[in-house]
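K.L.:
Input: one structure, supplied below.
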Amino acid sequence: MAERRAQRVKAEEELPVYLARPGTADQVPRQKRGGLFCSVEDAFDSKTIDFDALSVGQRGSRTPRTVKREAGQGETGSPAGAESPAGNDAHKVQICSSGGKETLQNLEDEKSDRLLIKGGRIVNDDQSFHADIYMEDGLIKQIGDNLIVPGGVKTIEANGKMVIPGGIDIHTHFQMPYRGTTTVDDFAQGSKAALAGGTTMIVDHVIPEPGSSLLEAYDQWRQWADEKACCDYSLHVDVTHWDDSVKQELDNLIKEKGVNSFQVYMAYKDYYQMSNSELYEVFTFLAERGGIAQIHAENGEIIAKEQGRMLQMGITGPEGHVLSRPEELEAEAVFRAVTIASQTNCPLYVTRVMSKSAADIISQARKKGNVVFGEPITASLGTDGTHYWSKNWAKAASFVTSPPLSPDPTTPDYLNTLLASGDLSVTGSAHCTFSVAQKAIGKDDFTQIPEGVNGVEERMVLIWDKAVTTGKMDENMFVAVTSTNAAKILNLYPRKGRIAVGSDADLVIWDTDAVRTITAKTHNSAAEYNVFEGMELRGAPLVVICQGKIVLEDGNLHVTCGVGRFIPCPPFPDFAYKRIKARKQLAVLRAVPRGMYDGPVSEFSMSRGGTPSASARTSPTKQPVRNLHQSGFSLAGPPTPEDAPIRPPGRRIVVPPGGRSNITSLS
Amino acid sequence: EVPPFFHSVGSDSPNRPRQKFCGVFCPVEGSSEAKTLDFDALSACRGRSAAGGRVIDRQSDISQPRKVEIRESTGKEALQNLDDSQSDRLLIKGAKIVNDDQSFYADIYMEDGVIKQIGENLIVPGGVKTIDAHGRMLLPGGIDVHTRFQMPDRGMTAADDFYQGTKAALAGGTTMIIDHVVPEPGVSLMSAFEQWREWADGKSCCDYSLHVDITEWHKGIQEEMETLVKDHGVNSFLVYLAYKDIFQLTDAQVYEVFSVIRDLGAIAQVHAENGDIVAEEQRRILEQGITGPEGHVLSHPEEVEAEAVNRAVTVANQTNCPLYVTKVMSKSAADVIAQARKKGTVVYGEPITASLGTDGSHYWSKNWAKAAAFVTSPPLSPDPATPDYLNSLLSCGDLQVTGSAHCPFNTAQRAVGKDDFTLIPEGVNGTEERMSIIWDKCVVTGKMDENQFVAVTSTNAAKIFNLYPRKGRIAVGSDADLVLWDPDVTKIISAKSHNSTVEYNIFEGLEVRGGPLVVISQGKIVLEEGTLHATEGSGRFVARKPFPDYVYKRIKARSRLAELRGVPRGLYDGPVCEVSVTPKTMTPVSSAKTSPAKQPSQPVRNLHQSGFSLSGHTGAQIDDNVPRRNTQRIVAPPGGRANITSLG
């Protein structure tokens with residue numbers, strides 16, 4: 001240690017890093033990637049208030065990396081029990097357990113889970129910098145160079161590799177019941193796959209049967225997940241029906257159960273689907289309570305019609321699924337949801353953005369200032385819907401999900417671009433896998449095929465390959481869309497989604513050079529098919545640390561079922577609600593002060609269907625106003641004589657604040 | 001002698017009647033010379049204009065005050081044609097005839113309400129009433145595609161009946177109206193249609209046709225629609241996405257209606273507003289204590305209109321049905337239509353006089369009656385830039401036709417909603433002002449030329465509703481519905497002088513340039529020198545045939561392309577999960593229970609289990625690791641064997 005520190009100091013004296021850098025063609029690892037979102041050098045020096053560890057990191061960043069790497073290599077030989085360094089193998093990190101002597105001093109080492117990552121490049125959504133990270137008890141305790149850590153700490157030598165916040169998969173359906181069966185990936189299998197892919201937190205959807213209690217369903221899901229989940233999790237609750245008891249339950253879920261996001265369905269007619277009025281009420285309710293309205297956006301009414309038409313035409317295979325759910329219906333529903341959300345001033349979150357047109361509506365709405373977030377999923381970012389026409393029924397059926405994958409092969413590229421530009425905000429997987437036998441329920445009728453694709457394991461890698469290696473986004477944006485934005489929307493930031501002192505020790509050491517081929521043979525899901533079969537992807541998690549424990553190293557998973565904790569999400573996430581609150585203050589409507597109308601009034605009947613004015617009968621304020629008017633109470637003096645005959649005696653014109661207005665004349 | 005074209009070059013005299021208006025749509029000089037096939041009158045006119053003699057005569061007239069001369073036949077001629085007044089022979093001399101494609105100078109001769117000859121040196125019988133147009137523009141009479149005269153609303157009736165309404169239309173240069181039949185839910189379409197026919201036949205002063213509104217949906221309505229299309233000359237039906245619990249249809253119903261309309265060859269019209277949201281907003285705004293007309297516009301925000309237009313476009317696309325959006329009132333709704341057209345949807349947009357001429361800022365007027373006079377749905381947009389924007393889209397062709405949605409109520413009727421804006425009967429005036437306002441806002445400002453003006457006020461409407469070329473064009477054989485237009489007359493619109501019976505005119509005080517000088521309907525002069533000679537009951541019902549070419553050529557081509565095919569596959573022979581059928585754990589897949597093809601799936605399964613095979617004995621299923629009954633075989637699909645359970 002001392003030797004290394006001395007070397008570093010010496011190097012610092014030789015040349016400042018800024019001068020050392022220009023003109024060199026070597027890799028300059030301490031230098032940030034020059035992406036669009038890259039911040040100005042030293043821009044954070046005196047601005048960051050709540051994040052004191054950063055200043056340590058900044059100091060460290062002055063050290064030229066080359067020196068450090070030498071130091072690191074010098075060090076690798078010394079600790080006992082370490083694997084051979086293999087300097088030519090750039091893909092390895094070294095994990096060194098503490099030596100025997102140190103163990104004596106720290107007897108409870110194994111339990112306290114102290115961990116040090118040395119020489120990693122920390123990547124947050126706003127910046128990247130080189131620093132060491134020290135974790136204890138599942139929390140990040142220190143970040144910086146020259147950390148003073150207790151002895152007997154397990155050390156990971158990152159060799160300049162990127163350390164990113166663990167991914168948050170904001171949309172999963174593990175262990176989802178479906179007509180008496182359950183999805184093949186339960187919380188154990190699913191969260192294992194998540195960890196294998198670099199995702200250290202998942203957010204699952206609770207789907208209560210229409211008519212049943214939301215709280216009961218929530219408890220059921222909590223029970224399943226607490227037993228089995230290998231990583232931290234949180235829950236969305238789907239609102240599948242709407243009445244006053246649901247309102248109370250929602251209130252309870254928000255205030256006491258740590259749920260802040262609720263999904264409503266515009267599809268699945270006669271089952272989950274809600275009418276526009278119900279959506280309006282749900283959105284209004286959520287906007288008051290600080291929840292996020294999630295939406296499954298498809299026009300269920302038209303889909304039902306189209307499904308009938310397809311079946312009538314004799315199309316019963318999986319291609320009928322995509323034919324009966326054209327992209328336009330998705331875009332239409334998104335448009336409608338955006339309109340309702342804008343009317344109710346509620347933050348909107350569109351789950352599963354599967355098509356270009358839906359994504360376009362979202363980006364247009366954002367340009368108009370709506371608070372709306374779009375969630376493309378692994379499948380829509382990675383593959384397209386041409387496989388629905390596969391001759392292999394089982395393969396075609398494995399792609400069935402709603403909204404369907406777009407048959408337009410340019411869709412994934414387009415969605416990746418919008419994700420990179422920030423028009424789409426977060427990524428989920430909508431991981432909901434069924435075995436071929438389960439899918440075969442719909443072998444003679446595509447409407448019966450259970451819906452869902454895999455993707456929780458592939459999500460991070462796929463986005464890295466499609467968006468970062470192609471230069472669409474930089475690594476900071478990658479962190480934003482895979483983790484940070486999700487944490488912000490769920491109001492878990494900065495506990496999750498950021499590498500900072502005090503944050504949870506959910507980290508991934510990312511290997512940008514690894515190349516892997518995705519196949520159902522090696523994936524961690526229990527499903528027989530993988531929708532990304534055969535895809536060769538660059539980039540992979542090298543080490544995954546969840547709750548301060550190493551769960552993936554050298555390709556080996558060490559997961560423990562049931563260690564996952566439920567993370568409650570508080571309401572009113574700043575990320576969405578700061579804007580909503582500001583708008584609420586502006587949105588106060590005022591009536592025009594006018595004199596009472598005193599002219600003749602036609603007779604009219606309120607018979608059935610008479611009026612084209614909607615909801616006239618139920619208008620709450622009608623009665624009181626009229627009574628007041630008929631009471632003959634007046635603030636003004638005697639009535640003006642000229643129009644007296646038309647007016648029944650006893651009525652007066654009230655003088656309006658802005659002066660008397662002559663009501664019946666032309667103005 | 002100098003030819004007339006050189007004559008005016010360089011002179012900036014404002015009155016050059018032989019010079020065409022130089023709009024973008026103006027055809028290249030002489031371009032129609034050898035191209036016009038069906039219109040032989042044109043060549044006659046071309047021939048004459050080269051001679052040029054008359055131009056000079058005309059120019060001497062120009063200095064005189066703007067008047068047309070209408071000459072009765074002299075006594076001697078009358079002797080030869082005793083029945084002159086009955087046969088309604090009429091000759092217009094020296095007019096610039098403006099159609100939607102070109103303008104040219106010619107004389108025009110009408111007899112029995114039909115244009116008989118166009119050209120110069122016409123051979124006409126003696127004793128003909130002659131109008132000397134002095135080079136002024138002669139346009140096809142306007143067609144107001146959207147009126148609601150005499151519309152019943154909760155026991156009241158719109159203030160203008162068919163007589164008053166059509167009189168106002170004629171005064172504004174509109175010679176045909178298309179009214180909406182609004183059957184109360186529960187009343188049959190046929191009886192409502194007959195009722196409207198009766199009203200209009202008795203009172204209408206100009207030709208009319210009828211749209212029928214679909215206010216509810218069941219099997220019987222479909223049959224009635226069929227009858228209306230086949231036997232009664234109706235080819236357009238309006239559905240409502242607004243007016244919750246009264247007229248509103250669900251998306252699924254709209255889908256069905258559109259499918260029926262497409263099969264019948266009619267046009268689907270839509271009143272586009274999201275009624276569910278409007279109802280919620282109305283409730284919220286009343287709760288806040290806003291009861292005046294401003295609550296109307298606050299509860300019908302522009303976005304809700306755009307949303308409904310977008311939805312209607314989507315449904316129309318799915319059903320391959322032509323869509324016609326009535327009352328385009330806001331920028332965002334117009335944008336949705338323009339975008340949909342760019343994507344290839346067959347959709348037409350109809351802005352109305354009110355949305356083209358005024359905005360919704362008056363809803364905040366201190367004068368309740370004035371504010372209430374503007375109440376219509378969708379409401380006028382409070383954004384004052386809206387009229388200009390809509391006029392621009394109308395000029396560039398993104399919006400195609402103009403109506404008035406003329407449905408005024410007098411103040412006493414409006415006062416029904418004095419304490420609750422949701423009760424105010426909806427509708428504004430505009431049938432009289434329509435032509436003049438569009439001329440003033442579009443042609444005078446240079447947004448469109450006179451040909452495009454004819455297109456948006458008359459021709460496009462005639463094409464969409466299959467009245468072309470009988471209406472909407474000046475051609476031999478067309479109806480003699482003509483307007484002699486004076487582009488220079490200015491007029492201030494006011495309720496004091498308008499022909500409607502209501503106390504308020506929403507365009508009050510607007511000064512417009514351009515107006516009709518002479519209006520000819522059915523070959524009779526109904527307006528001259530500001531005097532109306534309308535005859536109650538003279539209007540004929542004009543039947544419209546289905547499948548208008550203008551609309552359905554594209555629809556037909558698309559329906560041929562839209563055939564879908566399934567993928568030929570081998571039957572799935574792997575294990576199938578058992579499904580519980582308790583309603584509690586039903587499938588999220590919609591309409592599973594009612595799917596019509598679910599029953600036919602039974603025979604397929606039987607075939608599968610029968611063990612019959614086309615492929616003979618197969619040993620190819622290596623991958624088949626699930627225990628399978630011996631009798632099961634995989635049928636070879638036409639495209640070769642598909643390996644069903646392996647990774648593909």
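We label chains A, B, ... in the order they appear in the structure tokens, count residues from 1 in each chain, and number ligands from 1 in the order shown.
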Please provide the set of residues having any atom within 8 Å of segment 406-412 of chain A, restricted to only C-alpha atoms, with same-chain residues fewer than 3 positions apart removed, written as a PyMOL selection string.
P.N.:
chain A and resi 322+327+354-356+380-386+415-416
K.L.:
Generate the output file for the selected residues, N, CA, C and O atoms, as a PDB file, in the first residue's frame.
P.N.:
ATOM      1  N   VAL A 322     -50.293 -10.705 -34.117  1.00  0.00           N
ATOM      2  CA  VAL A 322     -49.748  -9.403 -34.527  1.00  0.00           C
ATOM      3  C   VAL A 322     -50.676  -8.725 -35.538  1.00  0.00           C
ATOM      4  O   VAL A 322     -50.840  -7.511 -35.539  1.00  0.00           O
ATOM      5  N   GLU A 327     -49.943  -1.851 -34.921  1.00  0.00           N
ATOM      6  CA  GLU A 327     -49.180  -0.773 -34.292  1.00  0.00           C
ATOM      7  C   GLU A 327     -50.009   0.481 -34.030  1.00  0.00           C
ATOM      8  O   GLU A 327     -49.875   1.140 -33.009  1.00  0.00           O
ATOM      9  N   MET A 354     -43.645  -0.653 -27.922  1.00  0.00           N
ATOM     10  CA  MET A 354     -43.227  -1.696 -28.844  1.00  0.00           C
ATOM     11  C   MET A 354     -43.091  -1.216 -30.282  1.00  0.00           C
ATOM     12  O   MET A 354     -42.584  -1.943 -31.124  1.00  0.00           O
ATOM     13  N   SER A 355     -43.597  -0.043 -30.594  1.00  0.00           N
ATOM     14  CA  SER A 355     -43.601   0.351 -32.004  1.00  0.00           C
ATOM     15  C   SER A 355     -43.113   1.774 -32.171  1.00  0.00           C
ATOM     16  O   SER A 355     -43.110   2.573 -31.238  1.00  0.00           O
ATOM     17  N   LYS A 356     -42.721   2.060 -33.395  1.00  0.00           N
ATOM     18  CA  LYS A 356     -42.259   3.401 -33.728  1.00  0.00           C
ATOM     19  C   LYS A 356     -43.331   4.442 -33.468  1.00  0.00           C
ATOM     20  O   LYS A 356     -43.079   5.499 -32.903  1.00  0.00           O
ATOM     21  N   SER A 380     -38.508  -5.317 -27.520  1.00  0.00           N
ATOM     22  CA  SER A 380     -38.728  -4.328 -28.576  1.00  0.00           C
ATOM     23  C   SER A 380     -37.420  -3.665 -28.967  1.00  0.00           C
ATOM     24  O   SER A 380     -37.285  -3.157 -30.080  1.00  0.00           O
ATOM     25  N   LEU A 381     -36.449  -3.654 -28.065  1.00  0.00           N
ATOM     26  CA  LEU A 381     -35.156  -3.052 -28.397  1.00  0.00           C
ATOM     27  C   LEU A 381     -34.259  -4.029 -29.131  1.00  0.00           C
ATOM     28  O   LEU A 381     -33.307  -3.615 -29.797  1.00  0.00           O
ATOM     29  N   GLY A 382     -34.560  -5.313 -28.998  1.00  0.00           N
ATOM     30  CA  GLY A 382     -33.608  -6.286 -29.506  1.00  0.00           C
ATOM     31  C   GLY A 382     -34.072  -7.096 -30.699  1.00  0.00           C
ATOM     32  O   GLY A 382     -33.254  -7.591 -31.469  1.00  0.00           O
ATOM     33  N   THR A 383     -35.369  -7.225 -30.875  1.00  0.00           N
ATOM     34  CA  THR A 383     -35.814  -8.086 -31.964  1.00  0.00           C
ATOM     35  C   THR A 383     -37.110  -7.539 -32.539  1.00  0.00           C
ATOM     36  O   THR A 383     -37.657  -6.566 -32.037  1.00  0.00           O
ATOM     37  N   ASP A 384     -37.568  -8.124 -33.611  1.00  0.00           N
ATOM     38  CA  ASP A 384     -38.767  -7.608 -34.243  1.00  0.00           C
ATOM     39  C   ASP A 384     -39.790  -8.719 -34.420  1.00  0.00           C
ATOM     40  O   ASP A 384     -39.570  -9.861 -34.012  1.00  0.00           O
ATOM     41  N   GLY A 385     -40.902  -8.369 -35.034  1.00  0.00           N
ATOM     42  CA  GLY A 385     -42.032  -9.288 -35.076  1.00  0.00           C
ATOM     43  C   GLY A 385     -42.095 -10.168 -36.308  1.00  0.00           C
ATOM     44  O   GLY A 385     -43.125 -10.797 -36.560  1.00  0.00           O
ATOM     45  N   THR A 386     -41.013 -10.246 -37.056  1.00  0.00           N
ATOM     46  CA  THR A 386     -41.066 -11.081 -38.258  1.00  0.00           C
ATOM     47  C   THR A 386     -41.182 -12.564 -37.897  1.00  0.00           C
ATOM     48  O   THR A 386     -41.654 -13.357 -38.702  1.00  0.00           O
ATOM     49  N   LEU A 415     -36.138   2.578 -31.778  1.00  0.00           N
ATOM     50  CA  LEU A 415     -36.401   2.704 -30.341  1.00  0.00           C
ATOM     51  C   LEU A 415     -35.101   2.933 -29.573  1.00  0.00           C
ATOM     52  O   LEU A 415     -35.070   3.708 -28.622  1.00  0.00           O
ATOM     53  N   ASN A 416     -34.031   2.276 -30.010  1.00  0.00           N
ATOM     54  CA  ASN A 416     -32.749   2.516 -29.357  1.00  0.00           C
ATOM     55  C   ASN A 416     -32.324   3.965 -29.512  1.00  0.00           C
ATOM     56  O   ASN A 416     -31.760   4.561 -28.591  1.00  0.00           O
TER      57      ASN A 416
END
K.L.:
Any chance you could list, as a PyMOL selection string, the residues in segment 374-522 of chain B that come up strand (DSSP E or B) when DSSP is run on the backbone?
P.N.:
chain B and resi 403+406+428+479+482-492+511-521
K.L.:
Using only C-alpha atoms, please write the residues we just selected to a file, as a PDB file, in the first residue's frame.
P.N.:
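Produced file again_26.pdb, reproduced below:
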ATOM      1  CA  GLY B 403     -69.584  23.820 -43.619  1.00  0.00           C
ATOM      2  CA  HIS B 406     -75.468  26.471 -38.625  1.00  0.00           C
ATOM      3  CA  VAL B 428     -73.602  28.849 -33.885  1.00  0.00           C
ATOM      4  CA  ASP B 479     -77.486  22.400 -62.340  1.00  0.00           C
ATOM      5  CA  LEU B 482     -74.516  29.948 -59.840  1.00  0.00           C
ATOM      6  CA  VAL B 483     -73.176  32.913 -57.991  1.00  0.00           C
ATOM      7  CA  LEU B 484     -71.946  36.070 -59.586  1.00  0.00           C
ATOM      8  CA  TRP B 485     -69.290  37.125 -57.162  1.00  0.00           C
ATOM      9  CA  ASP B 486     -68.157  40.616 -56.436  1.00  0.00           C
ATOM     10  CA  PRO B 487     -64.688  40.543 -54.908  1.00  0.00           C
ATOM     11  CA  ASP B 488     -64.701  44.221 -54.039  1.00  0.00           C
ATOM     12  CA  VAL B 489     -67.892  44.715 -52.133  1.00  0.00           C
ATOM     13  CA  THR B 490     -67.358  45.196 -48.424  1.00  0.00           C
ATOM     14  CA  LYS B 491     -69.897  44.477 -45.806  1.00  0.00           C
ATOM     15  CA  ILE B 492     -70.048  44.588 -42.038  1.00  0.00           C
ATOM     16  CA  GLU B 511     -65.876  43.594 -41.981  1.00  0.00           C
ATOM     17  CA  VAL B 512     -65.599  41.240 -44.912  1.00  0.00           C
ATOM     18  CA  ARG B 513     -64.624  41.899 -48.474  1.00  0.00           C
ATOM     19  CA  GLY B 514     -66.296  39.956 -51.233  1.00  0.00           C
ATOM     20  CA  GLY B 515     -69.885  38.919 -51.550  1.00  0.00           C
ATOM     21  CA  PRO B 516     -72.487  37.570 -53.924  1.00  0.00           C
ATOM     22  CA  LEU B 517     -73.958  40.046 -56.359  1.00  0.00           C
ATOM     23  CA  VAL B 518     -76.414  37.748 -58.063  1.00  0.00           C
ATOM     24  CA  VAL B 519     -77.383  34.290 -56.876  1.00  0.00           C
ATOM     25  CA  ILE B 520     -79.055  31.861 -59.232  1.00  0.00           C
ATOM     26  CA  SER B 521     -80.615  28.755 -57.802  1.00  0.00           C
TER      27      SER B 521
END
K.L.:
Nearest to chain B among A:Met535, A:Val501, A:Leu253, A:Ile340, with distances taken over only C-alpha atoms: which residue is it?
P.N.:
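Nearest to chain B: A:Ile340.
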K.L.:
If you measure from atom CA of Ser538 of chain B to atom CA of Tyr208 of chain B, what distance in Å do you get, rounded to one decimal?
P.N.:
10.3 Å
K.L.:
Name the residues in contact with Ala225 of chain A at a cut-off of 12 Å, using only C-alpha atoms, excluding same-chain residues fewer than 6 positions from it; report them as a ChimeraX atom specification.
P.N.:
/A:173-176,186-191,202-206,218-219,231-235,561-567
K.L.:
Excluding Asp504 of chain A and any residue of its chain fewer than 6 positions from it, enumerate the residues within 9 Å of it, using only C-alpha atoms, and give them as a ChimeraX atom specification.
P.N.:
/A:135,138-140,494-498,546-548
K.L.:
Got a sec: who's within 10 Å of Gly94 of chain B, counting only C-alpha atoms, leaving out chain neighbours fewer than 3 positions off, as a ChimeraX atom specification?
P.N.:
/B:54-55,58,91,97,105-108,119-120,131-138
K.L.:
Pull C-alpha atoms from the residues just selected and write them as a PDB file, in the first residue's frame.
P.N.:
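Saved file selection21.pdb follows:
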ATOM      1  CA  ARG B  54     -64.777  42.988 -76.309  1.00  0.00           C
ATOM      2  CA  VAL B  55     -62.174  43.730 -73.750  1.00  0.00           C
ATOM      3  CA  ARG B  58     -65.654  46.180 -71.024  1.00  0.00           C
ATOM      4  CA  LEU B  91     -78.272  34.076 -70.305  1.00  0.00           C
ATOM      5  CA  ILE B  97     -66.392  31.344 -65.200  1.00  0.00           C
ATOM      6  CA  TYR B 105     -64.411  33.901 -70.032  1.00  0.00           C
ATOM      7  CA  ALA B 106     -67.600  32.747 -71.650  1.00  0.00           C
ATOM      8  CA  ASP B 107     -71.292  33.316 -71.877  1.00  0.00           C
ATOM      9  CA  ILE B 108     -73.574  30.828 -70.269  1.00  0.00           C
ATOM     10  CA  GLY B 119     -69.220  29.516 -74.897  1.00  0.00           C
ATOM     11  CA  GLU B 120     -69.280  32.649 -76.912  1.00  0.00           C
ATOM     12  CA  ILE B 131     -77.466  39.281 -67.239  1.00  0.00           C
ATOM     13  CA  ASP B 132     -74.470  41.255 -68.276  1.00  0.00           C
ATOM     14  CA  ALA B 133     -71.742  40.245 -65.897  1.00  0.00           C
ATOM     15  CA  HIS B 134     -69.143  42.734 -67.073  1.00  0.00           C
ATOM     16  CA  GLY B 135     -66.331  40.258 -66.558  1.00  0.00           C
ATOM     17  CA  ARG B 136     -67.121  39.483 -62.980  1.00  0.00           C
ATOM     18  CA  MET B 137     -66.557  36.037 -61.606  1.00  0.00           C
ATOM     19  CA  LEU B 138     -69.240  33.438 -61.922  1.00  0.00           C
TER      20      LEU B 138
END
K.L.:
Atom CA of Met266 of chain A and atom CA of Gly300 of chain A, how far apart in Å?
P.N.:
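Separation of atom CA of Gly300 of chain A and atom CA of Met266 of chain A: 6.0 Å.
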K.L.:
Tell me, as a PyMOL selection string, which residues lie within 9 Å of Pro570 of chain A, counting only C-alpha atoms; anything in the same chain fewer than 2 positions away does not count.
P.N.:
chain A and resi 254-255+258-260+290-291+490-492+568+572-573
K.L.:
Could those residues be written to a file, using all heavy atoms, as a compact mmCIF listing (two decimals), in the first residue's frame?
P.N.:
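So the final result, stored in selection14.txt, reads:
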# COMPACT_ATOMS: atom_id res chain seq x y z
N ILE A 254 -50.41 3.15 -1.06
CA ILE A 254 -49.48 4.26 -1.21
C ILE A 254 -48.92 4.68 0.15
O ILE A 254 -47.72 4.86 0.32
CB ILE A 254 -50.19 5.46 -1.88
CG1 ILE A 254 -50.52 5.12 -3.32
CG2 ILE A 254 -49.30 6.70 -1.81
CD1 ILE A 254 -51.35 6.16 -4.02
N LYS A 255 -49.81 4.78 1.13
CA LYS A 255 -49.37 5.35 2.40
C LYS A 255 -48.62 4.35 3.26
O LYS A 255 -47.71 4.72 3.98
CB LYS A 255 -50.59 5.86 3.17
CG LYS A 255 -51.12 7.14 2.54
CD LYS A 255 -52.21 7.76 3.38
CE LYS A 255 -52.69 9.05 2.73
NZ LYS A 255 -54.13 9.22 2.83
N GLY A 258 -45.83 1.05 0.59
CA GLY A 258 -44.65 1.34 -0.23
C GLY A 258 -44.83 1.06 -1.71
O GLY A 258 -43.92 0.62 -2.38
N VAL A 259 -46.02 1.32 -2.22
CA VAL A 259 -46.23 1.18 -3.66
C VAL A 259 -46.56 2.57 -4.20
O VAL A 259 -47.41 3.26 -3.64
CB VAL A 259 -47.40 0.22 -3.96
CG1 VAL A 259 -47.66 0.14 -5.45
CG2 VAL A 259 -47.11 -1.16 -3.40
N ASN A 260 -45.88 2.99 -5.23
CA ASN A 260 -46.20 4.32 -5.76
C ASN A 260 -46.54 4.29 -7.24
O ASN A 260 -46.68 5.33 -7.87
CB ASN A 260 -45.07 5.32 -5.48
CG ASN A 260 -43.87 5.13 -6.38
OD1 ASN A 260 -43.81 4.18 -7.17
ND2 ASN A 260 -42.91 6.02 -6.28
N GLY A 290 -49.91 11.27 -5.30
CA GLY A 290 -48.48 11.20 -5.60
C GLY A 290 -48.04 9.89 -6.22
O GLY A 290 -46.89 9.50 -6.09
N GLY A 291 -48.94 9.21 -6.90
CA GLY A 291 -48.58 7.96 -7.56
C GLY A 291 -48.22 8.19 -9.03
O GLY A 291 -48.45 9.26 -9.58
N LEU A 490 -39.22 5.66 -9.38
CA LEU A 490 -39.74 4.91 -8.24
C LEU A 490 -39.47 5.62 -6.92
O LEU A 490 -39.87 5.14 -5.87
CB LEU A 490 -39.09 3.52 -8.20
CG LEU A 490 -39.41 2.60 -9.36
CD1 LEU A 490 -38.46 1.42 -9.37
CD2 LEU A 490 -40.85 2.11 -9.26
N ASN A 491 -38.77 6.73 -6.98
CA ASN A 491 -38.42 7.50 -5.78
C ASN A 491 -37.47 6.72 -4.87
O ASN A 491 -37.57 6.79 -3.66
CB ASN A 491 -39.69 7.89 -5.02
CG ASN A 491 -39.54 9.26 -4.36
OD1 ASN A 491 -38.48 9.87 -4.46
ND2 ASN A 491 -40.58 9.73 -3.71
N LEU A 492 -36.57 5.97 -5.49
CA LEU A 492 -35.60 5.22 -4.71
C LEU A 492 -34.21 5.83 -4.83
O LEU A 492 -33.25 5.32 -4.26
CB LEU A 492 -35.53 3.77 -5.21
CG LEU A 492 -36.83 2.99 -5.04
CD1 LEU A 492 -36.69 1.62 -5.68
CD2 LEU A 492 -37.17 2.86 -3.58
N PRO A 568 -39.63 -0.33 -0.23
CA PRO A 568 -40.83 0.49 -0.40
C PRO A 568 -40.53 1.77 -1.20
O PRO A 568 -39.48 2.38 -1.02
CB PRO A 568 -41.24 0.83 1.04
CG PRO A 568 -40.03 0.59 1.87
CD PRO A 568 -39.10 -0.32 1.12
N PHE A 572 -44.92 10.69 -4.46
CA PHE A 572 -44.42 12.00 -4.92
C PHE A 572 -42.95 11.99 -5.30
O PHE A 572 -42.14 12.74 -4.75
CB PHE A 572 -44.67 13.09 -3.86
CG PHE A 572 -46.12 13.39 -3.65
CD1 PHE A 572 -46.76 12.97 -2.50
CD2 PHE A 572 -46.84 14.09 -4.61
CE1 PHE A 572 -48.11 13.23 -2.31
CE2 PHE A 572 -48.18 14.36 -4.42
CZ PHE A 572 -48.83 13.93 -3.27
N PRO A 573 -42.53 11.12 -6.21
CA PRO A 573 -41.14 11.19 -6.67
C PRO A 573 -40.86 12.56 -7.29
O PRO A 573 -41.63 13.04 -8.12
CB PRO A 573 -41.04 10.07 -7.71
CG PRO A 573 -42.43 9.75 -8.09
CD PRO A 573 -43.29 10.08 -6.92
K.L.:
Measuring between only C-alpha atoms, which one of A:Gly539, A:Gly151, A:Gly599, A:Gly369 shows the shortest distance to chain B?
P.N.:
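Closest candidate: A:Gly599.
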K.L.:
I'd like to know which residues of segment 103-173 of chain B are helix (DSSP H, G or I) (by DSSP, run on the backbone); could you write them as a list of chain:residue names?
P.N.:
B:Phe162, B:Tyr163, B:Gln164, B:Gly165, B:Thr166, B:Lys167, B:Ala168, B:Ala169, B:Leu170, B:Ala171
K.L.:
Using only C-alpha atoms, which of the listed residues (B:Lys370, B:Lys471, B:Arg262, B:Lys327) sits closest to chain A?
P.N.:
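Of all the options, B:Lys370 lies closest to chain A.
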K.L.:
Restricting the calculation to only C-alpha atoms: of A:Glu457, A:Asp270, A:Asp360, A:Glu330, which residue gets closest to chain B?
P.N.:
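Among the listed residues, the smallest separation from chain B belongs to A:Asp270.
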K.L.:
Here is a test: counting only C-alpha atoms, which residue of A:Glu319, A:Glu536, A:Val592, A:Glu278 is nearest to Lys466 of chain A?
P.N.:
A:Glu536
K.L.:
Compile the contact shell of Glu533 of chain A as number ranges by chain: residues with an atom at most 7 Å away, counting only C-alpha atoms, same-chain residues fewer than 2 positions apart removed.
P.N.:
A: 518-520, 530-531, 535
